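The next block is work.csv, given as CSV, C-alpha atoms.
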chain,number,residue,atom,x,y,z
R,1,MET,CA,-2.0,-13.4,11.9
R,2,ALA,CA,-4.3,-12.2,14.7
R,3,LEU,CA,-2.7,-10.4,17.7
R,4,PRO,CA,-2.6,-12.3,21.0
R,5,PRO,CA,-5.9,-11.5,22.9
R,6,LYS,CA,-4.2,-9.7,25.8
R,7,LEU,CA,-2.3,-7.5,23.5
R,8,ARG,CA,-5.3,-6.8,21.4
R,9,LYS,CA,-7.3,-5.7,24.5
R,10,MET,CA,-4.4,-3.4,25.5
R,11,ILE,CA,-4.2,-1.8,22.1
R,12,ASN,CA,-8.0,-1.4,21.7
R,13,HIS,CA,-8.4,0.1,25.1
R,14,ALA,CA,-5.4,2.4,24.7
R,15,LEU,CA,-6.4,3.4,21.2
R,16,PHE,CA,-9.9,4.3,22.4
R,17,ARG,CA,-8.5,6.4,25.3
R,18,GLN,CA,-6.0,8.2,23.1
R,19,LEU,CA,-8.5,9.0,20.3
R,20,GLN,CA,-11.1,10.1,22.9
R,21,GLN,CA,-8.5,12.5,24.5
R,22,SER,CA,-7.7,13.9,21.1
R,23,ARG,CA,-11.4,14.3,20.3
R,24,THR,CA,-11.2,12.4,17.0
R,25,TYR,CA,-13.5,9.7,18.2
R,26,SER,CA,-17.3,10.2,18.6
R,27,ALA,CA,-18.9,8.6,21.6
R,28,ARG,CA,-22.1,8.4,19.6
R,29,THR,CA,-20.8,5.3,17.9
R,30,ILE,CA,-20.8,3.5,21.2
R,31,GLY,CA,-23.9,1.3,21.5
R,32,SER,CA,-25.2,2.3,18.1
R,33,SER,CA,-26.2,0.0,15.3
R,34,LYS,CA,-23.3,1.1,13.1
R,35,ARG,CA,-21.0,-1.7,11.8
R,36,ILE,CA,-17.6,-1.9,13.5
R,37,VAL,CA,-14.7,-2.3,11.1
R,38,ASP,CA,-12.6,-5.2,12.4
R,39,LEU,CA,-8.9,-4.4,11.9
R,40,ARG,CA,-7.4,-7.2,14.0
R,41,SER,CA,-6.3,-9.2,11.0
R,42,ASP,CA,-6.9,-9.8,7.3
R,43,THR,CA,-7.9,-13.3,8.3
R,44,VAL,CA,-11.4,-12.1,9.4
R,45,THR,CA,-12.3,-11.3,5.8
R,46,GLN,CA,-15.6,-12.7,4.5
R,47,PRO,CA,-16.3,-14.3,1.1
R,48,THR,CA,-18.2,-12.1,-1.3
R,49,ALA,CA,-21.6,-13.0,-2.8
R,50,ALA,CA,-19.9,-13.6,-6.2
R,51,MET,CA,-17.4,-15.9,-4.5
R,52,LEU,CA,-20.1,-17.9,-2.9
R,53,ARG,CA,-22.0,-18.2,-6.2
R,54,ALA,CA,-18.8,-19.5,-7.8
R,55,ALA,CA,-18.7,-22.2,-5.1
R,56,THR,CA,-22.2,-23.4,-5.7
R,57,GLN,CA,-21.5,-23.7,-9.5
R,58,ALA,CA,-18.2,-25.4,-9.2
R,59,THR,CA,-17.5,-28.6,-11.2
R,60,THR,CA,-15.9,-31.1,-8.8
R,61,GLY,CA,-14.2,-34.4,-8.7
R,62,ASP,CA,-11.9,-36.4,-6.4
R,63,ASP,CA,-8.8,-34.2,-5.8
R,64,VAL,CA,-6.9,-37.0,-4.1
R,65,MET,CA,-7.1,-38.9,-7.4
R,66,GLY,CA,-6.3,-35.7,-9.3
R,67,GLU,CA,-9.7,-35.6,-10.9
R,68,ASP,CA,-11.2,-32.3,-9.6
R,69,PRO,CA,-11.2,-30.1,-12.7
R,70,THR,CA,-11.7,-26.9,-10.7
R,71,VAL,CA,-8.7,-27.7,-8.4
R,72,ASN,CA,-6.6,-28.6,-11.4
R,73,ALA,CA,-7.5,-25.3,-13.1
R,74,LEU,CA,-6.6,-23.3,-10.0
R,75,GLU,CA,-3.3,-25.1,-9.7
R,76,ALA,CA,-2.4,-24.6,-13.4
R,77,TYR,CA,-3.4,-20.9,-13.2
R,78,THR,CA,-1.3,-20.2,-10.1
R,79,ALA,CA,1.7,-22.1,-11.3
R,80,ASP,CA,1.7,-20.0,-14.5
R,81,LEU,CA,1.1,-16.8,-12.5
R,82,PHE,CA,4.2,-17.5,-10.4
R,83,GLY,CA,6.3,-18.8,-13.3
R,84,LYS,CA,6.6,-22.3,-11.8
R,85,GLU,CA,6.0,-25.7,-13.3
R,86,ARG,CA,3.3,-27.1,-11.0
R,87,ALA,CA,1.1,-26.2,-8.0
R,88,LEU,CA,-0.7,-27.9,-5.1
R,89,PHE,CA,-3.9,-26.8,-3.4
R,90,VAL,CA,-3.7,-27.3,0.4
R,91,PRO,CA,-6.2,-26.4,3.2
R,92,THR,CA,-3.9,-24.0,5.1
R,93,GLY,CA,-0.8,-21.9,4.8
R,94,THR,CA,0.8,-23.7,7.7
R,95,MET,CA,0.3,-27.0,5.9
R,96,GLY,CA,1.7,-25.4,2.7
R,97,ASN,CA,4.9,-24.4,4.4
R,98,LEU,CA,5.2,-27.8,6.2
R,99,CYS,CA,4.7,-29.6,2.9
R,100,ALA,CA,7.4,-27.5,1.3
R,101,ILE,CA,9.9,-28.3,4.1
R,102,MET,CA,9.1,-32.0,4.0
R,103,ALA,CA,9.4,-32.1,0.2
R,104,HIS,CA,12.7,-30.1,0.1
R,105,CYS,CA,14.1,-32.3,2.9
R,106,HIS,CA,12.6,-35.6,1.7
R,107,TYR,CA,15.9,-37.2,0.9
R,108,ASN,CA,18.0,-35.7,3.7
R,109,LYS,CA,17.2,-37.1,7.1
R,110,SER,CA,19.8,-34.9,8.8
R,111,ALA,CA,18.5,-31.7,7.2
R,112,GLU,CA,18.7,-28.2,8.7
R,113,ILE,CA,16.7,-25.2,7.5
R,114,ILE,CA,17.9,-21.6,7.8
R,115,LEU,CA,15.1,-19.2,8.8
R,116,GLY,CA,14.4,-15.9,10.5
R,117,THR,CA,13.9,-15.6,14.2
R,118,LYS,CA,10.8,-13.5,13.7
R,119,SER,CA,9.4,-15.6,10.9
R,120,HIS,CA,5.9,-17.1,11.0
R,121,ILE,CA,7.3,-20.6,10.4
R,122,ASN,CA,9.5,-20.2,13.4
R,123,LEU,CA,7.1,-18.6,15.8
R,124,TYR,CA,3.5,-19.5,14.9
R,125,GLU,CA,3.3,-22.8,13.1
R,126,GLY,CA,3.6,-25.1,16.1
R,127,GLY,CA,7.2,-26.1,15.5
R,128,GLY,CA,6.1,-28.5,12.8
R,129,TYR,CA,9.4,-28.3,11.0
R,130,ALA,CA,10.9,-30.1,14.0
R,131,ASN,CA,8.2,-32.2,15.6
R,132,ILE,CA,6.6,-33.4,12.3
R,133,ALA,CA,9.1,-32.9,9.5
R,134,GLY,CA,12.0,-33.9,11.8
R,135,VAL,CA,14.5,-31.2,10.7
R,136,SER,CA,16.5,-28.8,12.8
R,137,CYS,CA,16.8,-25.1,12.2
R,138,LYS,CA,19.4,-22.4,12.3
R,139,GLN,CA,17.8,-19.1,13.2
R,140,ILE,CA,19.2,-15.8,12.1
R,141,GLU,CA,18.0,-12.2,12.7
R,142,GLU,CA,16.2,-10.3,10.1
R,143,ASP,CA,16.7,-6.5,9.7
R,144,GLU,CA,13.8,-4.1,9.9
R,145,ASN,CA,13.2,-4.6,6.2
R,146,GLY,CA,12.7,-8.4,6.6
R,147,MET,CA,16.1,-9.3,5.1
R,148,PHE,CA,19.1,-11.4,6.3
R,149,SER,CA,22.6,-10.1,5.9
R,150,MET,CA,24.6,-12.3,3.5
R,151,GLU,CA,27.3,-12.7,6.1
R,152,ASP,CA,24.8,-14.2,8.5
R,153,VAL,CA,23.5,-16.6,5.9
R,154,ARG,CA,27.0,-17.7,5.1
R,155,ASP,CA,27.8,-18.2,8.7
R,156,ALA,CA,24.6,-20.3,9.2
R,157,PHE,CA,25.5,-22.7,6.3
R,158,HIS,CA,26.8,-26.2,7.1
R,159,MET,CA,28.1,-28.6,4.6
R,160,ASP,CA,27.8,-32.4,5.0
R,161,ASP,CA,31.4,-32.7,6.1
R,162,ASP,CA,31.3,-32.5,9.9
R,163,ASP,CA,29.6,-35.1,12.1
R,164,HIS,CA,28.7,-32.4,14.6
R,165,TYR,CA,26.3,-30.5,12.2
R,166,ALA,CA,23.1,-31.2,10.4
R,167,LYS,CA,23.3,-30.4,6.7
R,168,SER,CA,21.9,-27.1,5.5
R,169,THR,CA,19.2,-27.9,2.9
R,170,LEU,CA,16.8,-25.0,2.7
R,171,ILE,CA,16.6,-21.2,3.2
R,172,CYS,CA,13.1,-20.0,4.2
R,173,LEU,CA,12.2,-16.4,3.5
R,174,GLU,CA,8.9,-14.6,4.3
R,175,ASN,CA,7.3,-12.0,2.0
R,176,THR,CA,5.5,-9.9,3.1
R,177,HIS,CA,7.1,-10.2,6.6
R,178,ASN,CA,4.3,-10.3,9.1
R,179,MET,CA,6.0,-9.6,12.4
R,180,LEU,CA,8.0,-6.8,10.9
R,181,GLY,CA,4.9,-4.9,9.9
R,182,GLY,CA,4.0,-6.3,6.5
R,183,VAL,CA,7.3,-5.1,4.9
R,184,ALA,CA,7.5,-6.1,1.2
R,185,VAL,CA,10.8,-7.8,0.4
R,186,PRO,CA,12.1,-6.8,-3.1
R,187,PRO,CA,12.9,-9.2,-5.9
R,188,SER,CA,16.6,-8.2,-5.9
R,189,TYR,CA,17.0,-9.6,-2.4
R,190,ILE,CA,15.3,-12.9,-3.3
R,191,ASP,CA,17.4,-13.1,-6.4
R,192,THR,CA,20.6,-12.6,-4.3
R,193,ILE,CA,19.6,-15.4,-1.9
R,194,GLY,CA,18.6,-17.6,-4.9
R,195,LYS,CA,22.0,-17.0,-6.5
R,196,LEU,CA,23.8,-17.9,-3.4
R,197,ALA,CA,21.8,-21.2,-3.0
R,198,HIS,CA,21.7,-22.2,-6.6
R,199,ASP,CA,25.1,-21.1,-7.9
R,200,GLU,CA,27.6,-21.0,-5.0
R,201,TRP,CA,26.0,-23.9,-3.1
R,202,LYS,CA,24.7,-25.8,-6.1
R,203,GLU,CA,26.6,-29.0,-5.4
R,204,HIS,CA,25.1,-29.1,-1.9
R,205,GLY,CA,21.5,-29.0,-3.2
R,206,MET,CA,20.4,-25.9,-1.4
R,207,ARG,CA,16.9,-24.6,-2.1
R,208,VAL,CA,14.9,-21.5,-1.3
R,209,HIS,CA,11.3,-21.4,-0.1
R,210,ILE,CA,9.2,-18.3,0.4
R,211,ASP,CA,6.4,-18.2,3.0
R,212,GLY,CA,4.3,-16.0,0.8
R,213,ALA,CA,1.0,-15.9,2.8
R,214,ARG,CA,0.8,-12.3,1.6
R,215,ILE,CA,3.1,-12.5,-1.4
R,216,LEU,CA,0.5,-10.9,-3.7
R,217,ASN,CA,0.5,-7.9,-1.4
R,218,ALA,CA,4.2,-7.7,-1.9
R,219,ALA,CA,3.8,-7.9,-5.7
R,220,VAL,CA,1.1,-5.3,-5.8
R,221,SER,CA,2.9,-2.8,-3.5
R,222,GLN,CA,6.1,-3.0,-5.7
R,223,ASN,CA,4.2,-3.1,-9.0
R,224,VAL,CA,6.0,-6.3,-10.0
R,225,SER,CA,4.7,-9.6,-11.4
R,226,PRO,CA,4.6,-12.6,-8.9
R,227,ALA,CA,6.8,-14.5,-11.4
R,228,LEU,CA,9.5,-11.9,-11.4
R,229,LEU,CA,9.2,-11.3,-7.6
R,230,CYS,CA,9.7,-15.1,-6.9
R,231,ALA,CA,12.1,-16.0,-9.7
R,232,GLY,CA,14.9,-16.6,-7.3
R,233,ALA,CA,12.9,-19.1,-5.2
R,234,ASP,CA,12.3,-22.8,-5.7
R,235,SER,CA,8.9,-22.8,-4.0
R,236,VAL,CA,6.3,-20.4,-2.7
R,237,SER,CA,3.2,-20.8,-0.5
R,238,ILE,CA,0.4,-18.4,-1.3
R,239,CYS,CA,-2.5,-17.9,1.1
R,240,LEU,CA,-6.0,-17.3,-0.3
R,241,SER,CA,-7.7,-16.6,3.0
R,242,LYS,CA,-6.0,-13.3,3.9
R,243,GLY,CA,-6.7,-10.1,2.0
R,244,LEU,CA,-8.0,-12.1,-1.0
R,245,GLY,CA,-11.0,-13.1,1.1
R,246,THR,CA,-11.6,-16.8,0.7
R,247,PRO,CA,-12.7,-18.9,3.7
R,248,MET,CA,-9.7,-21.3,3.4
R,249,GLY,CA,-7.0,-22.6,1.2
R,250,SER,CA,-3.4,-22.0,0.2
R,251,ILE,CA,-1.4,-23.0,-2.9
R,252,LEU,CA,2.1,-24.3,-3.1
R,253,VAL,CA,4.1,-23.7,-6.3
R,254,GLY,CA,7.4,-25.2,-7.5
R,255,GLU,CA,9.0,-27.6,-10.0
R,256,THR,CA,7.3,-30.9,-10.9
R,257,GLU,CA,9.3,-33.2,-8.7
R,258,PHE,CA,9.0,-30.9,-5.7
R,259,ILE,CA,5.2,-30.8,-6.1
R,260,ARG,CA,5.1,-34.6,-6.4
R,261,LEU,CA,6.9,-34.9,-3.0
R,262,ALA,CA,4.7,-32.1,-1.5
R,263,ARG,CA,1.6,-34.0,-2.6
R,264,ARG,CA,2.9,-37.1,-0.7
R,265,ALA,CA,3.6,-34.9,2.3
R,266,ARG,CA,0.0,-33.4,2.1
R,267,LYS,CA,-1.4,-36.9,2.3
R,268,ARG,CA,0.6,-37.8,5.3
R,269,LEU,CA,-0.5,-34.6,7.0
R,270,GLY,CA,-4.2,-35.4,6.4
R,271,GLY,CA,-4.6,-32.7,3.8
R,272,GLY,CA,-5.9,-34.8,0.9
R,273,MET,CA,-9.3,-33.4,0.0
R,274,ARG,CA,-12.0,-34.9,-2.1
R,275,GLN,CA,-14.5,-32.5,-3.9
R,276,ALA,CA,-12.2,-29.6,-3.1
R,277,GLY,CA,-13.3,-27.7,-6.2
R,278,VAL,CA,-16.0,-26.0,-4.0
R,279,MET,CA,-13.2,-24.2,-2.2
R,280,ALA,CA,-10.9,-23.9,-5.2
R,281,SER,CA,-13.5,-22.1,-7.1
R,282,MET,CA,-13.5,-19.3,-4.5
R,283,GLY,CA,-9.7,-19.2,-4.7
R,284,MET,CA,-9.9,-18.8,-8.5
R,285,HIS,CA,-12.4,-16.0,-8.2
R,286,ALA,CA,-10.2,-14.2,-5.7
R,287,LEU,CA,-7.1,-14.5,-8.0
R,288,LEU,CA,-9.1,-13.2,-10.9
R,289,ASN,CA,-10.9,-10.4,-9.2
R,290,HIS,CA,-9.4,-9.4,-5.9
R,291,VAL,CA,-5.6,-9.0,-6.4
R,292,ASP,CA,-5.7,-5.5,-7.8
R,293,ARG,CA,-7.9,-4.4,-5.0
R,294,LEU,CA,-5.1,-5.2,-2.5
R,295,ALA,CA,-3.8,-1.7,-3.3
R,296,GLU,CA,-6.9,-0.3,-1.7
R,297,ASP,CA,-6.0,-2.1,1.5
R,298,HIS,CA,-2.5,-0.7,1.4
R,299,ALA,CA,-3.8,2.9,0.9
R,300,ARG,CA,-6.1,2.5,3.9
R,301,ALA,CA,-3.3,1.0,6.1
R,302,GLN,CA,-1.0,3.9,5.2
R,303,MET,CA,-3.7,6.4,6.0
R,304,LEU,CA,-4.3,4.7,9.4
R,305,ALA,CA,-0.6,4.7,10.1
R,306,LYS,CA,-0.3,8.4,9.3
R,307,GLU,CA,-3.2,9.3,11.7
R,308,LEU,CA,-1.7,7.1,14.5
R,309,GLN,CA,1.6,8.8,14.1
R,310,ASN,CA,0.0,12.2,14.1
R,311,ALA,CA,-1.8,11.2,17.3
R,312,GLY,CA,1.5,10.4,19.0
R,313,PHE,CA,1.7,6.7,18.6
R,314,TRP,CA,5.1,5.0,17.9
R,315,LEU,CA,5.4,3.1,14.6
R,316,PRO,CA,8.3,1.1,13.4
R,317,ARG,CA,10.3,2.2,10.3
R,318,ASP,CA,9.3,5.8,11.2
R,319,GLY,CA,5.8,5.1,10.2
R,320,LYS,CA,6.5,3.6,6.8
R,321,VAL,CA,3.9,1.0,5.8
R,322,ASP,CA,4.3,-1.1,2.6
R,323,THR,CA,1.2,-3.2,2.6
R,324,ASN,CA,-1.8,-4.0,4.8
R,325,VAL,CA,-0.2,-4.5,8.2
R,326,VAL,CA,0.1,-1.7,10.8
R,327,PHE,CA,2.1,-2.1,14.0
R,328,PHE,CA,2.1,0.6,16.6
R,329,ALA,CA,2.9,1.2,20.3
R,330,LEU,CA,1.5,3.5,22.9
R,331,PRO,CA,2.6,7.1,22.9
R,332,ALA,CA,5.4,8.2,25.3
R,333,ASN,CA,2.9,10.5,27.1
R,334,CYS,CA,0.2,7.9,27.5
R,335,LYS,CA,-1.5,8.2,30.9
R,336,LEU,CA,-2.8,4.7,30.9
R,337,ARG,CA,-1.4,2.4,33.5
R,338,LYS,CA,-1.2,-1.3,33.3
R,339,GLU,CA,-3.5,-1.6,36.3
R,340,GLU,CA,-6.3,0.2,34.4
R,341,LEU,CA,-6.4,-2.3,31.6
R,342,PRO,CA,-9.6,-4.5,31.5
Would you mind writing the file out in structure tokens?
Amino acid sequence: MALPPKLRKMINHALFRQLQQSRTYSARTIGSSKRIVDLRSDTVTQPTAAMLRAATQATTGDDVMGEDPTVNALEAYTADLFGKERALFVPTGTMGNLCAIMAHCHYNKSAEIILGTKSHINLYEGGGYANIAGVSCKQIEEDENGMFSMEDVRDAFHMDDDDHYAKSTLICLENTHNMLGGVAVPPSYIDTIGKLAHDEWKEHGMRVHIDGARILNAAVSQNVSPALLCAGADSVSICLSKGLGTPMGSILVGETEFIRLARRARKRLGGGMRQAGVMASMGMHALLNHVDRLAEDHARAQMLAKELQNAGFWLPRDGKVDTNVVFFALPANCKLRKEELP
């Protein structure tokens, strides 16, 4: 997710001033022809030449009719990678999450989802769970490691036995957690949430969905397979256009009936695509060739965080960076005033 423009301007200006003062920034780079590395977001990645070649050579069909062989291959591969029965290719991560919510809540028109106050679904997806899916939400706070306390989850749960409350149907997690600095949530936590939903609340039909826009970053950083990491969840959305570098596309994985309902939701949302194999081929190339290289992004992010901390900037979690997201704030001794900002 890109930073808001005003905040981005503030950070860029402040970072330049601070590094200039510490003499670690060379003014010779200003106005030169050297390429600037854009660190605003991993959404500004560009497809590689090999990825574009894959797109031009893709075998295509009509995906709405289930006849695009490249899309079908991508879905089968991803489902297997995550240890789920089926998968669905969608244009965007926001649509993937919304399809998941609509599928999980398909038969419950008084559904309520439990989700984090700082989650991407809650803050940055247009309120689609409410204004499109028609479900309410119960928000609970995440800790600095992107996790709920079990007590808070239990307190948020509502059975279908009180006319005042919507029925709890779905718990939404996020991994990695964007607004908490790309923190990687461990499989033990997801298993605990899954056990609560599937064992203790089994008779109430509770499900668990992971907004996994950067779930492969989480898997790589913890050296764990995606299937093991997500074993406790019923569904996962995986974004291909972040660090993996494709121009567009996300994949939703889950059990067969869930994907059937998600496909129906995708159609209602306008996400049915025809010769989508052109895009799916780039997604397949990314999954086969780019996942291991996410570790390189993590190493660079950790190096950047260390340098920022050494320069006096404040970082959450005492500077600990799990993956490819670095959040920081201005140093306490910063001389920059708000009035000086461009």
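Comparing the minimum interatomic distances between Pro91 of chain R and each of R:Gly283, R:Gly181, R:Gly249, R:Gly319, counting only C-alpha atoms, we find that R:Gly249 sits nearest.
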Report as a Markdown table the residues of segment 30-88 of chain R within 8 Å of segment 218-230 of chain R, each with its shortest atom pair and distance in Å (one decimal), using all atoms listed in the file, ordered by chain and increasing residue number.
| residue | atom | partner | partner_atom | distance |
| --- | --- | --- | --- | --- |
| R:Leu81 | CA | R:Ala227 | CA | 6.2 |
| R:Phe82 | CA | R:Ala227 | CA | 4.1 |
| R:Gly83 | CA | R:Ala227 | CA | 4.7 |
| R:Lys84 | CA | R:Ala227 | CA | 7.8 |
Task: Selection near Met282 of chain R, 7 Å with only C-alpha atoms, sequence-local residues under 5 positions removed, as a ChimeraX atom specification - done: /R:51-52,54-55,246
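Minimum atom-to-atom distance to Ala184 of chain R, evaluated using all atoms listed in the file, belongs to R:Ile215 out of R:Glu112, R:Ala295, R:Gly205, R:Ile215.
Our summary of the geometry notes that atom CA of Asn145 of chain R is positioned 6.1 Å from atom CA of Val183 of chain R.
Minimum atom-to-atom distance to Met273 of chain R, evaluated using only C-alpha atoms, belongs to R:Phe89 out of R:Phe89, R:Phe328, R:Phe313, R:Trp201.
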TODO: Can you work out the spacing between atom CA of His158 of chain R and atom CA of Asp234 of chain R in Å, to one decimal?
DONE: 19.6 Å
Task: Distance criterion (all atoms listed in the file): nearest to Ile210 of chain R out of R:Ser136, R:Thr256, R:Ser168, R:Ser119 - done: R:Ser119
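Take atom CA of Lys267 of chain R and atom CA of Asn72 of chain R: the distance between them is 16.8 Å.
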TODO: Rank R:Thr176, R:Gln57, R:Asn333, R:Asn122 by their smallest atom-to-atom distance to Gly146 of chain R, using all atoms listed in the file, and report the top residue only.
DONE: R:Thr176
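Each of R:Glu144, R:Asp160, R:Thr60, R:Thr70 was checked against Lys109 of chain R using all atoms listed in the file; the smallest atom-to-atom distance is that of R:Asp160.
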